[in-house]
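A.B. asks: Below is the structure I would like to discuss, written out as structure tokens.
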Amino acid sequence: MKDIADLLRHHPFAEGLDEETLALVAGCAKNVVLQPGDYLHREGAAADSFYLVRHGAVALETFVPGRGAFTFLTVKSGEILGADWLIPPYRSSFDARAIELTRAIAFDGKCLRGKCGADPRVGYEMMKRFIPPLVKRLQSARMQALGMYDAANA
Amino acid sequence: MPQTLKACAPPPYPMAPTMTPVTRFIRESAEVFTFDLAPECATPFAPGQFNMLYAFGVGEIPISISGDSQSPERLTHTIRAVGPVSAALGRLKAGDQVGLRGPFGVGWPVEEAKGFDVLLIGGGIGLAPLRPAIYWLLRHRAAYGRVGVLYGARTPEDLIFGAELEEWRRTPDLQLRVAVERAGPDWTGDVGYVTPLLSKLRFDPADAIAMICGPEVMIRATALALEDAGVADSRIFVSMERNMKCAIGHCGHCQFGPLFICKDGPVHRYDRVRSLLAYREL
């Protein structure tokens, strides 16, 4: 049976991470399994975790009264989920709901923040892995906000 | 090409449209529709070429052909109603007539792509000009490496060619990923921008050719993402859109630096237009 460090080692997030750092951050992690419809976090709730999706898919949603829930991003295998644990007041901005059977590595945000604060080298390793996907998602969100598909014709 | 239809003679007056009947009209989404035209004579076209369609009393616009180039007896066009002419075309029904000129322009490099992995990336109505290339690739599947199609749309309700998307999803040796910008809880596909889905396709960047059609802002972002993935800019092809009027390079309305979109394009090699795309004045 694989332990959490083994699971982490096989996720793209950990690519290039040295064994010492991997073992250190694995101490903040646990394996989780979510059924379709399970929520990983709800809007406004404490953002005390982030996730590395191993298999499956999670929808990030916001609820619009009278119109229902809208999904604006899906996070799938090999991707990371959750950024609100990084910045005070550590509050989830959106709902995150599994839309298929999902297996993920869940990190305790407070635990990891503590280890990053205690050892800036670990913090830098984590930052190098968080910033690229976050920036790419910001770029994508800007494109989505432009509503560019509305204007084009063929 | 069907044997029953004779080949068209060269038109005596290139600006004179031919009256052509609509034989089928399909509503794809709230704003997008597809219709077939039945020309009197065979009108061979290459995937990626366009026709000029004239709505009588309203005006004429360029519309890419969205049908199968192996069936030139039926000219299929898919149109988003965004202006007076496209809205007038959207009110047509089977049996009505439109004015037809074409086909015009340079299409997708489907011959040049033989032996390569091929990526086709469409945004919004941009899937329509790519569809003839998809038909071509599927018909000549053995001549190509891996084939991947990425399609981005606003919402699930805005997706066009829904039945074919399902068919393509089930087609062996065709990778299809569809992303919408927002969706209700029933949608279990990808939600987000289309470009990040490139990482989900299997292809060899050193031996890949990419074809992109969509809004220009999407074309620029996608071309850069392809380059980041290792695809040479000379192997990226983009379908451009400008204000085309004559379609034969005479009027200058669609001039794009030293190029005319109508006769040098609409499909251009990205390395030949990338510097021009940076000029807002063009």
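In the structure tokens, chains take letters A, B, ... by order of appearance, with residues numbered from 1 within each chain and ligands from 1 in the order shown.
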Return the neighbours of chain B among the residues of chain A, cut-off 8 Å, counting only C-alpha atoms, as a VMD selection string.

C.D. replies: chain A and resid 59 68 to 74 99 140 to 141 143 to 144 147 to 154

A.B. asks: What's the 10 Å shell around segment 140-142 of chain B, counting only C-alpha atoms, without same-chain residues fewer than 2 positions away, as a list in words?

C.D. replies: Val110, Lys114, Gly115, Ile134, Tyr135, Trp136, Leu137, Leu138, Tyr144, Gly145, Arg146, Val147, Asp173 and Leu174 of chain B

A.B. asks: In terms of the shortest atom-to-atom distance over only C-alpha atoms, which of A:His11, A:Arg91, A:Val58, A:Asp6 is closest to Gly37 of chain A?

C.D. replies: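 Looking only at the distances to Gly37 of chain A, the closest residue turns out to be A:Val58.
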
A.B. asks: Report the residues of segment 15-258 of chain B whose backbone DSSP state falls under alpha helix (DSSP H), written as a ChimeraX atom specification.

C.D. replies: /B:84-89,127-139,162-170,216-228

A.B. asks: Please produce an output containing N, CA and C atoms for each residue in the selection, written as a CSV table (one decimal), in the first residue's frame.

C.D. replies:
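New file part04.csv:
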chain,number,residue,atom,x,y,z
B,84,PRO,N,-26.7,43.1,-39.7
B,84,PRO,CA,-27.9,43.1,-40.5
B,84,PRO,C,-27.9,41.9,-41.6
B,85,VAL,N,-26.7,41.7,-42.2
B,85,VAL,CA,-26.7,40.7,-43.3
B,85,VAL,C,-26.8,39.3,-42.7
B,86,SER,N,-26.0,39.0,-41.6
B,86,SER,CA,-26.1,37.7,-41.0
B,86,SER,C,-27.5,37.5,-40.4
B,87,ALA,N,-28.1,38.5,-39.9
B,87,ALA,CA,-29.4,38.3,-39.3
B,87,ALA,C,-30.4,38.0,-40.4
B,88,ALA,N,-30.3,38.7,-41.6
B,88,ALA,CA,-31.2,38.4,-42.7
B,88,ALA,C,-31.0,37.0,-43.2
B,89,LEU,N,-29.7,36.5,-43.3
B,89,LEU,CA,-29.5,35.2,-43.7
B,89,LEU,C,-30.1,34.2,-42.7
B,127,LEU,N,-15.2,27.0,-34.8
B,127,LEU,CA,-15.1,25.6,-35.2
B,127,LEU,C,-15.7,25.3,-36.6
B,128,ALA,N,-16.5,26.3,-37.0
B,128,ALA,CA,-17.2,26.0,-38.4
B,128,ALA,C,-16.1,26.0,-39.5
B,129,PRO,N,-15.2,26.9,-39.6
B,129,PRO,CA,-14.2,26.8,-40.7
B,129,PRO,C,-13.3,25.6,-40.5
B,130,LEU,N,-13.2,25.1,-39.3
B,130,LEU,CA,-12.3,24.0,-39.1
B,130,LEU,C,-13.0,22.7,-39.4
B,131,ARG,N,-14.3,22.7,-39.4
B,131,ARG,CA,-15.0,21.4,-39.7
B,131,ARG,C,-14.6,20.7,-41.0
B,132,PRO,N,-14.5,21.5,-42.1
B,132,PRO,CA,-14.1,20.8,-43.3
B,132,PRO,C,-12.7,20.1,-43.2
B,133,ALA,N,-11.8,20.7,-42.4
B,133,ALA,CA,-10.5,20.1,-42.2
B,133,ALA,C,-10.6,18.8,-41.4
B,134,ILE,N,-11.5,18.9,-40.4
B,134,ILE,CA,-11.8,17.7,-39.6
B,134,ILE,C,-12.3,16.5,-40.4
B,135,TYR,N,-13.3,16.9,-41.3
B,135,TYR,CA,-13.8,15.9,-42.2
B,135,TYR,C,-12.7,15.3,-43.0
B,136,TRP,N,-11.9,16.2,-43.6
B,136,TRP,CA,-10.8,15.7,-44.4
B,136,TRP,C,-9.9,14.8,-43.7
B,137,LEU,N,-9.5,15.2,-42.5
B,137,LEU,CA,-8.5,14.3,-41.7
B,137,LEU,C,-9.1,13.0,-41.4
B,138,LEU,N,-10.4,13.0,-41.0
B,138,LEU,CA,-11.1,11.7,-40.7
B,138,LEU,C,-11.2,10.8,-41.9
B,139,ARG,N,-11.4,11.5,-43.1
B,139,ARG,CA,-11.6,10.7,-44.3
B,139,ARG,C,-10.2,10.1,-44.8
B,162,GLY,N,-23.5,19.8,-32.2
B,162,GLY,CA,-23.6,19.0,-31.0
B,162,GLY,C,-23.6,17.5,-31.3
B,163,ALA,N,-24.4,17.1,-32.3
B,163,ALA,CA,-24.4,15.6,-32.6
B,163,ALA,C,-23.0,15.1,-33.1
B,164,GLU,N,-22.4,16.0,-33.9
B,164,GLU,CA,-21.1,15.6,-34.4
B,164,GLU,C,-20.0,15.6,-33.3
B,165,LEU,N,-20.1,16.5,-32.4
B,165,LEU,CA,-19.2,16.5,-31.2
B,165,LEU,C,-19.3,15.1,-30.5
B,166,GLU,N,-20.5,14.6,-30.3
B,166,GLU,CA,-20.7,13.3,-29.7
B,166,GLU,C,-20.1,12.2,-30.5
B,167,GLU,N,-20.3,12.3,-31.8
B,167,GLU,CA,-19.7,11.3,-32.8
B,167,GLU,C,-18.2,11.4,-32.7
B,168,TRP,N,-17.7,12.5,-32.8
B,168,TRP,CA,-16.2,12.7,-32.7
B,168,TRP,C,-15.6,12.2,-31.4
B,169,ARG,N,-16.4,12.4,-30.3
B,169,ARG,CA,-15.9,11.9,-29.0
B,169,ARG,C,-15.8,10.4,-29.0
B,170,ARG,N,-16.6,9.7,-29.8
B,170,ARG,CA,-16.6,8.3,-29.8
B,170,ARG,C,-15.6,7.8,-30.9
B,216,GLU,N,-9.5,36.9,-32.5
B,216,GLU,CA,-8.1,37.1,-32.7
B,216,GLU,C,-7.3,37.0,-31.4
B,217,VAL,N,-8.0,37.5,-30.3
B,217,VAL,CA,-7.3,37.4,-29.0
B,217,VAL,C,-7.0,36.0,-28.6
B,218,MET,N,-8.0,35.1,-29.0
B,218,MET,CA,-7.8,33.7,-28.7
B,218,MET,C,-6.7,33.1,-29.6
B,219,ILE,N,-6.6,33.5,-30.9
B,219,ILE,CA,-5.6,33.1,-31.8
B,219,ILE,C,-4.2,33.4,-31.2
B,220,ARG,N,-4.1,34.6,-30.8
B,220,ARG,CA,-2.7,35.1,-30.3
B,220,ARG,C,-2.3,34.2,-29.1
B,221,ALA,N,-3.3,34.1,-28.1
B,221,ALA,CA,-3.0,33.3,-26.9
B,221,ALA,C,-2.7,31.9,-27.2
B,222,THR,N,-3.4,31.3,-28.1
B,222,THR,CA,-3.2,29.9,-28.5
B,222,THR,C,-1.9,29.6,-29.2
B,223,ALA,N,-1.6,30.5,-30.1
B,223,ALA,CA,-0.4,30.4,-30.9
B,223,ALA,C,0.8,30.5,-29.9
B,224,LEU,N,0.8,31.4,-28.9
B,224,LEU,CA,1.9,31.5,-28.0
B,224,LEU,C,1.9,30.2,-27.1
B,225,ALA,N,0.8,29.7,-26.7
B,225,ALA,CA,0.8,28.4,-25.9
B,225,ALA,C,1.3,27.3,-26.7
B,226,LEU,N,1.0,27.2,-28.0
B,226,LEU,CA,1.6,26.2,-28.9
B,226,LEU,C,3.1,26.3,-29.0
B,227,GLU,N,3.6,27.5,-29.1
B,227,GLU,CA,5.0,27.8,-29.2
B,227,GLU,C,5.7,27.3,-27.9
B,228,ASP,N,5.0,27.7,-26.7
B,228,ASP,CA,5.5,27.3,-25.4
B,228,ASP,C,5.6,25.8,-25.3

A.B. asks: Rounded to one decimal in Å, what is the spacing between atom CA of Pro21 of chain B and atom CA of Ala247 of chain B?

C.D. replies: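 So the two atoms, atom CA of Pro21 of chain B and atom CA of Ala247 of chain B, lie 21.4 Å apart.
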
A.B. asks: Which residues are close to segment 114-130 of chain A, i.e. within 7 Å by only C-alpha atoms, leaving aside same-chain residues fewer than 3 positions away? Reply as a short mmCIF file (atom, residue, chain, number, x, y, z; two decimals) with N, CA and C atoms, in the first residue's frame.

C.D. replies:
data_model
loop_
_atom_site.label_atom_id
_atom_site.label_comp_id
_atom_site.auth_asym_id
_atom_site.auth_seq_id
_atom_site.Cartn_x
_atom_site.Cartn_y
_atom_site.Cartn_z
N PHE A 13 2.75 18.04 -9.23
CA PHE A 13 3.12 19.11 -8.30
C PHE A 13 4.48 18.87 -7.66
N THR A 21 12.38 17.51 1.36
CA THR A 21 11.25 18.44 1.36
C THR A 21 9.94 17.70 1.15
N LYS A 110 -2.72 25.25 7.38
CA LYS A 110 -2.02 25.85 8.52
C LYS A 110 -0.70 25.14 8.77
N CYS A 111 -0.73 23.83 8.68
CA CYS A 111 0.49 23.02 8.86
C CYS A 111 1.55 23.41 7.81
N PRO A 133 0.61 27.75 -11.94
CA PRO A 133 -0.80 27.46 -12.24
C PRO A 133 -1.72 28.61 -11.85
N LEU A 134 -1.38 29.32 -10.78
CA LEU A 134 -2.26 30.43 -10.40
C LEU A 134 -2.22 31.55 -11.44
#

A.B. asks: Would you mind telling me which residue in A:Thr62, A:Phe107, A:Lys2, A:Ala83 lies nearest to Leu138 of chain A when using only C-alpha atoms?

C.D. replies: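 Closest residue, counting only C-alpha atoms: A:Ala83.
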